[in-house]
file run_34.tsv (TSV, C-alpha atoms)
chain	number	residue	atom	x	y	z
A	1	MET	CA	-50.49	2.13	-59.07
A	2	SER	CA	-47.57	3.77	-60.88
A	3	LYS	CA	-44.91	1.90	-62.82
A	4	CYS	CA	-42.13	3.20	-60.58
A	5	SER	CA	-39.73	0.65	-59.22
A	6	ASP	CA	-39.44	-0.05	-55.52
A	7	ALA	CA	-36.04	1.58	-55.61
A	8	GLU	CA	-37.47	4.84	-56.98
A	9	ILE	CA	-40.22	4.89	-54.39
A	10	LEU	CA	-37.68	4.29	-51.57
A	11	GLU	CA	-35.55	7.12	-52.99
A	12	THR	CA	-38.61	9.39	-52.81
A	13	LEU	CA	-39.37	8.35	-49.22
A	14	ARG	CA	-35.77	9.06	-48.25
A	15	ALA	CA	-36.01	12.53	-49.83
A	16	VAL	CA	-39.24	13.26	-47.96
A	17	ALA	CA	-37.62	12.17	-44.68
A	18	ASN	CA	-34.68	14.53	-45.26
A	19	THR	CA	-36.73	17.62	-46.27
A	20	SER	CA	-39.57	19.65	-44.82
A	21	ASN	CA	-42.23	19.29	-47.60
A	22	HIS	CA	-43.09	17.45	-50.82
A	23	GLU	CA	-41.94	20.30	-53.05
A	24	GLU	CA	-38.46	20.32	-51.55
A	25	ALA	CA	-38.32	16.52	-51.74
A	26	GLY	CA	-39.27	16.57	-55.43
A	27	ALA	CA	-36.67	19.22	-56.19
A	28	LEU	CA	-34.06	17.10	-54.44
A	29	ILE	CA	-34.58	14.10	-56.77
A	30	GLY	CA	-35.87	15.87	-59.90
A	31	ILE	CA	-39.65	15.23	-59.83
A	32	ASN	CA	-42.66	17.48	-59.16
A	33	ARG	CA	-44.69	17.71	-55.96
A	34	ARG	CA	-47.65	15.71	-57.40
A	35	THR	CA	-45.37	12.80	-58.37
A	36	VAL	CA	-43.99	12.77	-54.87
A	37	GLY	CA	-47.52	12.43	-53.51
A	38	ASN	CA	-48.36	9.62	-55.93
A	39	ARG	CA	-45.22	7.70	-54.97
A	40	ILE	CA	-46.08	8.03	-51.27
A	41	LYS	CA	-49.50	6.45	-52.00
A	42	ASP	CA	-47.80	3.66	-53.97
A	43	ALA	CA	-45.48	3.09	-51.03
A	44	GLU	CA	-48.46	2.54	-48.72
A	45	ILE	CA	-49.96	0.03	-51.19
A	46	ARG	CA	-46.69	-1.87	-51.60
A	47	GLY	CA	-45.87	-1.75	-47.86
A	48	LEU	CA	-42.65	0.19	-48.38
A	49	VAL	CA	-41.27	2.42	-45.61
A	50	TRP	CA	-38.12	4.45	-44.98
A	51	PRO	CA	-35.84	3.34	-43.60
A	52	PRO	CA	-36.56	-0.09	-45.12
A	53	LYS	CA	-37.68	-2.88	-42.78
A	54	GLU	CA	-35.28	-5.73	-42.11
A	55	PRO	CA	-36.35	-8.99	-43.77
A	56	PHE	CA	-36.61	-10.57	-40.31
A	57	GLU	CA	-36.79	-9.68	-36.63
A	58	HIS	CA	-35.30	-11.52	-33.66
A	59	ASP	CA	-36.08	-11.36	-29.98
A	60	GLU	CA	-34.31	-8.55	-28.16
A	61	LEU	CA	-31.62	-10.06	-25.97
A	62	PRO	CA	-30.64	-8.42	-22.67
A	63	ASP	CA	-27.01	-7.28	-22.31
A	64	GLU	CA	-24.94	-9.14	-19.73
A	65	ILE	CA	-23.47	-5.84	-18.54
A	66	ASP	CA	-25.66	-3.16	-17.00
A	67	LEU	CA	-23.60	-0.15	-18.03
A	68	THR	CA	-25.40	2.26	-15.72
A	69	ALA	CA	-24.91	-0.04	-12.75
A	70	LEU	CA	-21.30	-0.67	-13.78
A	71	VAL	CA	-20.42	3.04	-13.86
A	72	ALA	CA	-22.13	3.52	-10.48
A	73	ARG	CA	-20.18	0.59	-9.03
A	74	ARG	CA	-16.87	1.92	-10.36
A	75	LYS	CA	-17.60	5.33	-8.81
A	76	ALA	CA	-18.37	3.70	-5.45
A	77	GLN	CA	-15.24	1.55	-5.67
A	78	PHE	CA	-13.05	4.57	-6.38
A	79	ALA	CA	-14.62	6.45	-3.46
A	80	LYS	CA	-13.76	3.53	-1.14
A	81	LYS	CA	-10.24	3.30	-2.56
A	82	GLN	CA	-9.72	7.04	-2.19
A	83	LYS	CA	-10.93	7.00	1.42
A	84	ALA	CA	-8.63	4.10	2.27
A	85	GLU	CA	-5.59	5.65	0.58
A	86	LEU	CA	-6.08	9.10	2.11
A	87	ALA	CA	-6.53	7.60	5.58
A	88	ARG	CA	-3.14	5.87	5.23
A	89	ARG	CA	-1.17	8.96	4.26
A	90	LEU	CA	-0.80	9.77	7.95
A	91	ILE	CA	-2.28	7.36	10.49
A	92	GLY	CA	-3.22	8.97	13.76
A	93	VAL	CA	-2.10	7.09	16.89
A	94	LYS	CA	-3.23	8.39	20.28
A	95	ILE	CA	-0.65	7.69	23.00
A	96	SER	CA	-2.61	7.21	26.22
A	97	ILE	CA	0.30	7.27	28.67
A	98	ASP	CA	1.97	10.51	29.70
A	99	GLY	CA	5.70	11.19	29.55
A	100	PRO	CA	8.52	9.78	27.42
A	101	ILE	CA	8.01	6.56	25.47
A	102	GLY	CA	10.27	4.24	23.53
A	103	ILE	CA	9.87	2.33	20.27
A	104	LEU	CA	11.87	-0.84	19.78
A	105	HIS	CA	12.24	-1.02	16.00
A	106	MET	CA	12.96	-4.65	15.08
A	107	GLY	CA	14.72	-5.47	11.86
A	108	ASP	CA	13.68	-8.35	9.60
A	109	PRO	CA	12.81	-11.29	11.93
A	110	HIS	CA	12.87	-14.20	9.39
A	111	VAL	CA	11.62	-16.16	12.38
A	112	ASP	CA	11.79	-19.57	10.64
A	113	ASP	CA	15.33	-19.33	9.26
A	114	ASP	CA	18.02	-21.55	10.82
A	115	GLY	CA	20.40	-18.57	10.80
A	116	THR	CA	18.03	-16.38	12.83
A	117	ASP	CA	18.90	-15.56	16.45
A	118	ILE	CA	15.43	-16.36	17.76
A	119	ALA	CA	16.64	-16.10	21.38
A	120	LYS	CA	17.53	-12.44	20.78
A	121	LEU	CA	14.17	-11.89	19.08
A	122	GLU	CA	12.40	-13.39	22.09
A	123	ALA	CA	14.49	-11.26	24.46
A	124	ASP	CA	13.51	-8.08	22.61
A	125	THR	CA	9.80	-8.88	22.78
A	126	THR	CA	10.18	-9.68	26.47
A	127	LEU	CA	11.95	-6.34	26.98
A	128	CYS	CA	8.94	-4.56	25.46
A	129	ARG	CA	6.48	-6.41	27.67
A	130	GLU	CA	8.44	-5.71	30.84
A	131	THR	CA	9.37	-2.06	30.19
A	132	GLU	CA	6.68	0.53	30.80
A	133	GLY	CA	6.23	2.85	27.84
A	134	LEU	CA	8.28	0.71	25.43
A	135	PHE	CA	6.39	-0.32	22.29
A	136	ALA	CA	7.35	-2.96	19.72
A	137	ALA	CA	7.55	-2.38	15.97
A	138	THR	CA	8.96	-4.27	13.01
A	139	VAL	CA	9.81	-3.34	9.42
A	140	GLY	CA	8.84	-6.65	7.85
A	141	ASP	CA	9.88	-10.07	6.53
A	142	LEU	CA	8.51	-11.95	9.52
A	143	GLN	CA	9.36	-15.27	7.88
A	144	ASN	CA	11.06	-16.59	4.73
A	145	ASN	CA	7.69	-17.54	3.21
A	146	TRP	CA	9.30	-19.25	0.22
A	147	ILE	CA	6.93	-19.55	-2.76
A	148	GLY	CA	7.12	-20.62	-6.41
A	149	ARG	CA	10.58	-21.73	-7.51
A	150	LEU	CA	11.95	-20.51	-4.15
A	151	ALA	CA	9.84	-23.12	-2.32
A	152	ARG	CA	12.76	-25.51	-2.90
A	153	LEU	CA	14.62	-23.57	-0.19
A	154	TYR	CA	12.40	-25.16	2.46
A	155	ALA	CA	14.62	-28.22	1.86
A	156	GLU	CA	17.56	-26.15	3.14
A	157	GLN	CA	15.96	-25.20	6.47
A	158	SER	CA	14.79	-27.38	9.32
A	159	THR	CA	11.50	-25.52	9.72
A	160	SER	CA	8.56	-26.61	7.56
A	161	ALA	CA	6.09	-24.19	5.96
A	162	ALA	CA	3.45	-25.10	8.57
A	163	GLU	CA	5.93	-24.55	11.41
A	164	SER	CA	6.91	-21.21	9.88
A	165	TRP	CA	3.35	-19.96	10.15
A	166	ALA	CA	3.12	-21.24	13.72
A	167	LEU	CA	6.28	-19.28	14.62
A	168	THR	CA	4.94	-16.19	12.86
A	169	GLU	CA	1.72	-16.37	14.88
A	170	TRP	CA	3.80	-16.80	18.04
A	171	LEU	CA	5.74	-13.63	17.21
A	172	VAL	CA	2.64	-11.59	16.39
A	173	ASN	CA	0.96	-12.59	19.66
A	174	SER	CA	4.09	-12.25	21.82
A	175	VAL	CA	3.76	-8.50	22.34
A	176	THR	CA	1.55	-5.49	21.60
A	177	TRP	CA	2.83	-3.90	18.39
A	178	LEU	CA	2.78	-0.19	17.68
A	179	TYR	CA	3.07	-1.07	14.02
A	180	MET	CA	4.02	-4.00	11.82
A	181	ILE	CA	5.17	-3.66	8.19
A	182	GLY	CA	4.81	-6.42	5.62
A	183	GLY	CA	8.07	-6.90	3.72
A	184	ASN	CA	8.65	-8.42	0.31
A	185	HIS	CA	8.77	-11.97	1.76
A	186	ASP	CA	5.46	-11.36	3.55
A	187	CYS	CA	3.81	-9.93	0.42
A	188	TRP	CA	4.62	-13.09	-1.55
A	189	SER	CA	1.49	-14.63	-0.01
A	190	GLY	CA	-0.62	-12.53	-2.37
A	191	ALA	CA	-4.19	-11.34	-1.83
A	192	GLY	CA	-5.08	-14.20	0.52
A	193	ASP	CA	-2.40	-13.27	3.03
A	194	PRO	CA	-2.75	-15.19	6.34
A	195	LEU	CA	-0.63	-12.53	8.04
A	196	LYS	CA	-3.38	-9.95	7.54
A	197	TRP	CA	-5.84	-12.29	9.25
A	198	ILE	CA	-3.46	-13.04	12.14
A	199	THR	CA	-2.62	-9.37	12.78
A	200	LYS	CA	-6.25	-8.27	12.47
A	201	HIS	CA	-7.31	-10.68	15.20
A	202	SER	CA	-4.46	-9.53	17.44
A	203	GLY	CA	-5.40	-5.84	17.04
A	204	THR	CA	-2.07	-5.03	15.37
A	205	LEU	CA	-1.68	-2.12	12.96
A	206	PHE	CA	-0.38	-3.99	9.91
A	207	GLU	CA	0.38	-2.44	6.53
A	208	ASN	CA	2.23	-3.93	3.58
A	209	HIS	CA	5.36	-2.05	2.49
A	210	SER	CA	4.94	1.09	4.62
A	211	ALA	CA	3.07	2.97	7.34
A	212	ARG	CA	3.36	6.63	8.32
A	213	LEU	CA	2.17	7.34	11.86
A	214	ASN	CA	1.40	10.54	13.73
A	215	LEU	CA	1.88	9.86	17.44
A	216	LYS	CA	-0.33	12.21	19.48
A	217	PHE	CA	0.79	12.66	23.08
A	218	PRO	CA	-1.23	13.88	26.10
A	219	SER	CA	1.15	16.86	26.24
A	220	GLY	CA	-0.10	17.98	22.81
A	221	ALA	CA	3.12	17.00	21.05
A	222	GLU	CA	2.96	15.15	17.74
A	223	ILE	CA	5.80	12.91	16.56
A	224	ARG	CA	5.75	11.41	13.06
A	225	VAL	CA	7.18	7.95	12.35
A	226	ASN	CA	7.73	6.95	8.72
A	227	ALA	CA	8.34	3.19	8.56
A	228	ARG	CA	8.95	1.24	5.35
A	229	HIS	CA	10.36	-2.15	4.53
A	230	ASP	CA	12.86	-0.19	2.46
A	231	PHE	CA	13.41	3.31	1.08
A	232	SER	CA	14.55	3.68	-2.52
A	233	GLY	CA	18.15	4.69	-3.06
A	234	HIS	CA	21.49	2.99	-2.45
A	235	SER	CA	25.02	4.10	-1.73
A	236	MET	CA	28.08	1.95	-1.12
A	237	TRP	CA	29.35	4.68	1.18
A	238	ASN	CA	26.26	5.17	3.36
A	239	PRO	CA	23.98	2.30	4.49
A	240	ALA	CA	21.36	4.85	5.55
A	241	HIS	CA	21.41	6.64	2.18
A	242	GLY	CA	17.89	5.70	1.03
A	243	ILE	CA	16.28	6.89	4.27
A	244	ALA	CA	18.36	10.08	4.39
A	245	LYS	CA	17.48	10.74	0.75
A	246	ALA	CA	13.77	10.58	1.65
A	247	VAL	CA	14.34	13.29	4.28
A	248	GLN	CA	16.26	15.46	1.83
A	249	MET	CA	13.54	14.99	-0.79
A	250	GLY	CA	10.89	16.40	1.53
A	251	TRP	CA	9.66	13.84	4.08
A	252	ARG	CA	9.52	15.93	7.25
A	253	ASP	CA	9.24	13.16	9.82
A	254	HIS	CA	10.96	12.78	13.17
A	255	ILE	CA	11.83	9.09	12.77
A	256	LEU	CA	12.28	7.26	9.47
A	257	THR	CA	13.17	3.59	9.60
A	258	CYS	CA	13.44	0.52	7.37
A	259	GLY	CA	15.20	-2.83	7.05
A	260	HIS	CA	15.34	-5.25	4.10
A	261	LYS	CA	19.09	-5.19	3.41
A	262	HIS	CA	20.16	-6.86	6.70
A	263	ILE	CA	22.65	-4.07	7.47
A	264	SER	CA	22.72	-1.22	9.98
A	265	GLY	CA	22.80	2.48	9.17
A	266	TYR	CA	22.04	5.73	10.93
A	267	GLN	CA	22.09	9.37	9.94
A	268	ILE	CA	20.75	12.47	11.68
A	269	LEU	CA	19.57	15.42	9.57
A	270	LYS	CA	18.15	18.87	10.26
A	271	ASP	CA	15.78	20.80	8.01
A	272	PRO	CA	17.16	24.35	7.93
A	273	ASN	CA	13.72	25.82	7.28
A	274	SER	CA	11.51	24.15	9.92
A	275	LYS	CA	14.44	23.24	12.23
A	276	LEU	CA	13.02	19.72	12.47
A	277	VAL	CA	15.58	17.07	13.39
A	278	SER	CA	15.04	13.76	11.56
A	279	HIS	CA	16.57	10.41	12.45
A	280	ALA	CA	17.16	8.08	9.47
A	281	ILE	CA	17.60	4.51	10.74
A	282	ARG	CA	18.18	1.21	8.95
A	283	VAL	CA	17.84	-1.83	11.22
A	284	ALA	CA	19.63	-5.03	10.27
A	285	GLY	CA	17.43	-7.83	11.61
A	286	TYR	CA	17.88	-11.13	13.37
A	287	LYS	CA	19.16	-13.29	10.49
A	288	THR	CA	22.72	-13.54	11.77
A	289	PHE	CA	23.97	-16.23	9.40
A	290	ASP	CA	22.86	-15.87	5.77
A	291	ARG	CA	23.87	-18.27	3.00
A	292	TYR	CA	23.06	-15.66	0.34
A	293	ALA	CA	25.39	-13.11	1.97
A	294	THR	CA	28.14	-15.74	2.20
A	295	GLU	CA	27.76	-16.72	-1.48
A	296	LYS	CA	27.88	-13.07	-2.61
A	297	GLY	CA	30.71	-12.16	-0.27
A	298	LEU	CA	28.65	-9.39	1.31
A	299	PRO	CA	30.43	-7.63	4.21
A	300	ASP	CA	29.07	-7.80	7.75
A	301	GLN	CA	27.56	-4.35	8.37
A	302	THR	CA	25.27	-5.31	11.24
A	303	VAL	CA	25.59	-3.16	14.34
A	304	SER	CA	22.45	-4.49	16.04
A	305	PRO	CA	19.32	-6.37	14.95
A	306	SER	CA	17.06	-3.74	16.53
A	307	VAL	CA	17.12	-0.12	17.64
A	308	ILE	CA	15.32	1.81	20.37
A	309	THR	CA	14.21	5.39	19.88
A	310	VAL	CA	13.32	7.19	23.11
A	311	ILE	CA	10.90	10.06	22.51
A	312	ASP	CA	10.56	12.99	24.91
A	313	PRO	CA	7.27	14.73	24.07
A	314	TYR	CA	8.20	17.76	26.17
A	315	LYS	CA	11.09	18.78	23.91
A	316	ASP	CA	10.86	20.83	20.70
A	317	ASP	CA	11.37	19.49	17.18
A	318	SER	CA	14.74	21.25	17.00
A	319	ASP	CA	15.96	19.80	20.29
A	320	ALA	CA	18.56	17.05	19.94
A	321	GLY	CA	17.06	15.35	23.00
A	322	GLN	CA	13.57	14.99	21.56
A	323	VAL	CA	14.55	11.62	20.03
A	324	THR	CA	17.47	9.56	21.32
A	325	VAL	CA	18.65	6.51	19.37
A	326	TYR	CA	20.10	3.41	21.05
A	327	HIS	CA	21.56	0.45	19.18
A	328	ASP	CA	22.02	-1.26	22.54
A	329	VAL	CA	18.36	-1.87	23.30
A	330	GLU	CA	18.89	-2.96	26.91
A	331	GLU	CA	20.68	0.32	27.60
A	332	GLY	CA	17.96	2.18	25.71
A	333	ALA	CA	15.31	0.58	27.91
A	334	GLU	CA	17.23	1.67	31.03
A	335	PHE	CA	17.45	5.21	29.67
A	336	LEU	CA	13.68	5.20	29.08
A	337	LYS	CA	13.06	4.06	32.66
A	338	TRP	CA	15.28	6.88	33.93
A	339	LYS	CA	13.55	9.46	31.72
A	340	ARG	CA	10.12	8.37	32.93
A	341	SER	CA	11.20	8.38	36.61
A	342	LYS	CA	12.63	11.86	36.10
A	343	GLN	CA	9.39	13.15	34.61
A	344	PHE	CA	7.21	11.75	37.39
call {"tool": "encode", "arguments": {"input": "run_34.tsv", "output": "structure tokens"}}
result
Amino acid sequence: MSKCSDAEILETLRAVANTSNHEEAGALIGINRRTVGNRIKDAEIRGLVWPPKEPFEHDELPDEIDLTALVARRKAQFAKKQKAELARRLIGVKISIDGPIGILHMGDPHVDDDGTDIAKLEADTTLCRETEGLFAATVGDLQNNWIGRLARLYAEQSTSAAESWALTEWLVNSVTWLYMIGGNHDCWSGAGDPLKWITKHSGTLFENHSARLNLKFPSGAEIRVNARHDFSGHSMWNPAHGIAKAVQMGWRDHILTCGHKHISGYQILKDPNSKLVSHAIRVAGYKTFDRYATEKGLPDQTVSPSVITVIDPYKDDSDAGQVTVYHDVEEGAEFLKWKRSKQF
């Protein structure tokens, strides 16, 4: 056994590992090929290896996260998310009855508020049930749904939280809805939203914030309805500014409607390129008396709580008669009856 130190032998082993033969290894650390061979033999005797062994070994512990499975799961989750999002960009709705139809767009119901005209709300749902071809729709805020620090406001209304949900269920089941939008008050329920459960079991198309529908008629016509709780954009001079702005920014839909602000607004616009006529409608809702509006001194800009759009699927996109807007819903329902009797 040579008198080399363990450190020198480990240096030699490292050189051998980093070169292709003993001669190159010796040249790397300044010794000859024979000395390299002798040090390798000494290493075997002393039990030295490169890289050096740890002074101890512990059991190999499994990782809590299976990275391969995690990546696969994230891919699958994105694929599901992508499919869901793409399907909602334009939701196909097949209209099974022939001829003109009507949509009664209801503004914010706030069905549990003391200032809400629930008799008018009931009358509108009854009108939908009793008028052939007239479908119900709402742009959200079915109830106050006070949560967090706002829960104190239940003390200022005669309807309890439990009664509010009972009234909401009554409204959902009172009529067949073409669509129902969840407003900001509805979304306060969070992920465990009872409204999603109620609407699912009633067969209602329910989407939080917005839904864009493509109505497909037996005649072959397709009418797009873009409904949101609100469109971004505000103007003190035009209550329908946010909806009209959406049209001017590229949304080529026949009917665009929203609520949220408890005011009425209407604007008709024509795309000079496609000749499509778009109707931008803000519906006020049924909350007639509002403490917040009184405190802020907000002006009364409510024309009607709901609006009827009568759609004639036999008219072209550029025809002013393709969509007719009525703020008097009873008169709109009569017009729809006349249009349908005329067609058949």
call {"tool": "residues_around", "arguments": {"input": "run_34.tsv", "residues": "range 339-344 of chain A", "least_positions_apart": "6", "cutoff": "12 Å", "atoms": "only C-alpha atoms", "output": "MDAnalysis selection string"}}
result
chainID A and resid 97:102 131:134 310:314 321:324 332:333
call {"tool": "closest_residue", "arguments": {"input": "run_34.tsv", "among": "A:Gly92, A:Gly190, A:Pro272, A:Gly30", "to": "Lys216 in chain A", "atoms": "only C-alpha atoms"}}
result
A:Gly92
call {"tool": "atom_distance", "arguments": {"input": "run_34.tsv", "atom1": "CA of His185 in chain A", "atom2": "CA of Arg88 in chain A"}}
result
21.7 Å
call {"tool": "atom_distance", "arguments": {"input": "run_34.tsv", "atom1": "CA of Glu330 in chain A", "atom2": "CA of Thr138 in chain A"}}
result
17.1 Å
call {"tool": "closest_residue", "arguments": {"input": "run_34.tsv", "among": "A:Val325, A:Val307, A:Val71, A:Leu269", "to": "His105 in chain A", "atoms": "only C-alpha atoms"}}
result
A:Val307
call {"tool": "residues_around", "arguments": {"input": "run_34.tsv", "residues": "Arg89 in chain A", "least_positions_apart": "4", "cutoff": "8 Å", "atoms": "all atoms listed in the file", "output": "NGL selection string"}}
result
:A and (85 or 211-212)
call {"tool": "atom_distance", "arguments": {"input": "run_34.tsv", "atom1": "CA of Asp114 in chain A", "atom2": "CA of Arg291 in chain A"}}
result
10.3 Å
call {"tool": "residues_around", "arguments": {"input": "run_34.tsv", "residues": "range 146-158 of chain A", "least_positions_apart": "2", "cutoff": "10 Å", "atoms": "only C-alpha atoms", "output": "PDB file with C-alpha atoms, in the frame of the given file"}}
result
ATOM      1  CA  ASP A 112      11.790 -19.570  10.640  1.00  0.00           C
ATOM      2  CA  ASP A 113      15.330 -19.330   9.260  1.00  0.00           C
ATOM      3  CA  ASP A 114      18.020 -21.550  10.820  1.00  0.00           C
ATOM      4  CA  GLY A 115      20.400 -18.570  10.800  1.00  0.00           C
ATOM      5  CA  GLN A 143       9.360 -15.270   7.880  1.00  0.00           C
ATOM      6  CA  ASN A 144      11.060 -16.590   4.730  1.00  0.00           C
ATOM      7  CA  SER A 160       8.560 -26.610   7.560  1.00  0.00           C
ATOM      8  CA  ALA A 161       6.090 -24.190   5.960  1.00  0.00           C
ATOM      9  CA  GLU A 163       5.930 -24.550  11.410  1.00  0.00           C
ATOM     10  CA  HIS A 185       8.770 -11.970   1.760  1.00  0.00           C
ATOM     11  CA  ASP A 186       5.460 -11.360   3.550  1.00  0.00           C
ATOM     12  CA  TRP A 188       4.620 -13.090  -1.550  1.00  0.00           C
ATOM     13  CA  SER A 189       1.490 -14.630  -0.010  1.00  0.00           C
TER      14      SER A 189
END
call {"tool": "residues_around", "arguments": {"input": "run_34.tsv", "residues": "Val172 in chain A", "least_positions_apart": "4", "cutoff": "12 Å", "atoms": "all atoms listed in the file", "output": "ChimeraX atom specification"}}
result
/A:109,111,121-122,125,136-138,140,142-143,165-168,176-181,194-206
call {"tool": "residues_near_point", "arguments": {"input": "run_34.tsv", "point": "(7.4, 16.0, 11.5)", "cutoff": "6 Å", "atoms": "only C-alpha atoms", "output": "count of residues only"}}
result
4
call {"tool": "closest_residue", "arguments": {"input": "run_34.tsv", "among": "A:Pro51, A:Thr257, A:Thr12, A:Asp271", "to": "Arg34 in chain A", "atoms": "all atoms listed in the file"}}
result
A:Thr12
call {"tool": "closest_residue", "arguments": {"input": "run_34.tsv", "among": "A:Leu127, A:Leu70, A:Ile95, A:Ile9", "to": "Ile45 in chain A", "atoms": "all atoms listed in the file"}}
result
A:Ile9
call {"tool": "build_atoms", "arguments": {"input": "run_34.tsv", "residues": "range 133-157 of chain A", "atoms": "N, CA and C atoms", "output": "short mmCIF file (atom, residue, chain, number, x, y, z; two decimals), in the frame of the given file"}}
result
data_model
loop_
_atom_site.label_atom_id
_atom_site.label_comp_id
_atom_site.auth_asym_id
_atom_site.auth_seq_id
_atom_site.Cartn_x
_atom_site.Cartn_y
_atom_site.Cartn_z
N GLY A 133 6.06 1.80 28.84
CA GLY A 133 6.23 2.85 27.84
C GLY A 133 7.05 2.44 26.64
N LEU A 134 7.48 1.18 26.57
CA LEU A 134 8.28 0.71 25.43
C LEU A 134 7.38 -0.11 24.51
N PHE A 135 7.27 0.33 23.26
CA PHE A 135 6.39 -0.32 22.29
C PHE A 135 7.21 -1.04 21.21
N ALA A 136 6.67 -2.16 20.74
CA ALA A 136 7.35 -2.96 19.72
C ALA A 136 6.92 -2.53 18.33
N ALA A 137 7.85 -2.67 17.38
CA ALA A 137 7.55 -2.38 15.97
C ALA A 137 8.50 -3.21 15.11
N THR A 138 8.07 -3.53 13.90
CA THR A 138 8.96 -4.27 13.01
C THR A 138 8.76 -3.80 11.57
N VAL A 139 9.84 -3.85 10.80
CA VAL A 139 9.81 -3.34 9.42
C VAL A 139 9.63 -4.44 8.39
N GLY A 140 9.27 -5.66 8.82
CA GLY A 140 8.84 -6.65 7.85
C GLY A 140 9.74 -7.85 7.66
N ASP A 141 9.28 -8.76 6.77
CA ASP A 141 9.88 -10.07 6.53
C ASP A 141 9.86 -10.90 7.81
N LEU A 142 8.65 -11.17 8.29
CA LEU A 142 8.51 -11.95 9.52
C LEU A 142 9.01 -13.38 9.34
N GLN A 143 8.86 -13.92 8.15
CA GLN A 143 9.36 -15.27 7.88
C GLN A 143 9.89 -15.32 6.45
N ASN A 144 10.54 -16.44 6.09
CA ASN A 144 11.06 -16.59 4.73
C ASN A 144 9.93 -16.69 3.71
N ASN A 145 8.88 -17.45 4.05
CA ASN A 145 7.69 -17.54 3.21
C ASN A 145 8.04 -17.89 1.76
N TRP A 146 8.87 -18.88 1.57
CA TRP A 146 9.30 -19.25 0.22
C TRP A 146 8.10 -19.69 -0.63
N ILE A 147 8.01 -19.16 -1.84
CA ILE A 147 6.93 -19.55 -2.76
C ILE A 147 7.52 -19.81 -4.13
N GLY A 148 6.69 -20.41 -5.03
CA GLY A 148 7.12 -20.62 -6.41
C GLY A 148 8.40 -21.43 -6.48
N ARG A 149 9.32 -21.00 -7.34
CA ARG A 149 10.58 -21.73 -7.51
C ARG A 149 11.45 -21.65 -6.25
N LEU A 150 11.17 -20.64 -5.38
CA LEU A 150 11.95 -20.51 -4.15
C LEU A 150 11.48 -21.49 -3.07
N ALA A 151 10.35 -22.16 -3.30
CA ALA A 151 9.84 -23.12 -2.32
C ALA A 151 10.84 -24.25 -2.08
N ARG A 152 11.72 -24.47 -3.06
CA ARG A 152 12.76 -25.51 -2.90
C ARG A 152 13.67 -25.22 -1.70
N LEU A 153 13.72 -23.94 -1.29
CA LEU A 153 14.62 -23.57 -0.19
C LEU A 153 14.12 -24.08 1.16
N TYR A 154 12.86 -24.53 1.21
CA TYR A 154 12.40 -25.16 2.46
C TYR A 154 13.22 -26.43 2.74
N ALA A 155 13.79 -27.03 1.68
CA ALA A 155 14.62 -28.22 1.86
C ALA A 155 15.94 -27.88 2.53
N GLU A 156 16.30 -26.58 2.56
CA GLU A 156 17.56 -26.15 3.14
C GLU A 156 17.40 -25.59 4.55
N GLN A 157 16.17 -25.63 5.09
CA GLN A 157 15.96 -25.20 6.47
C GLN A 157 15.20 -26.28 7.22
#
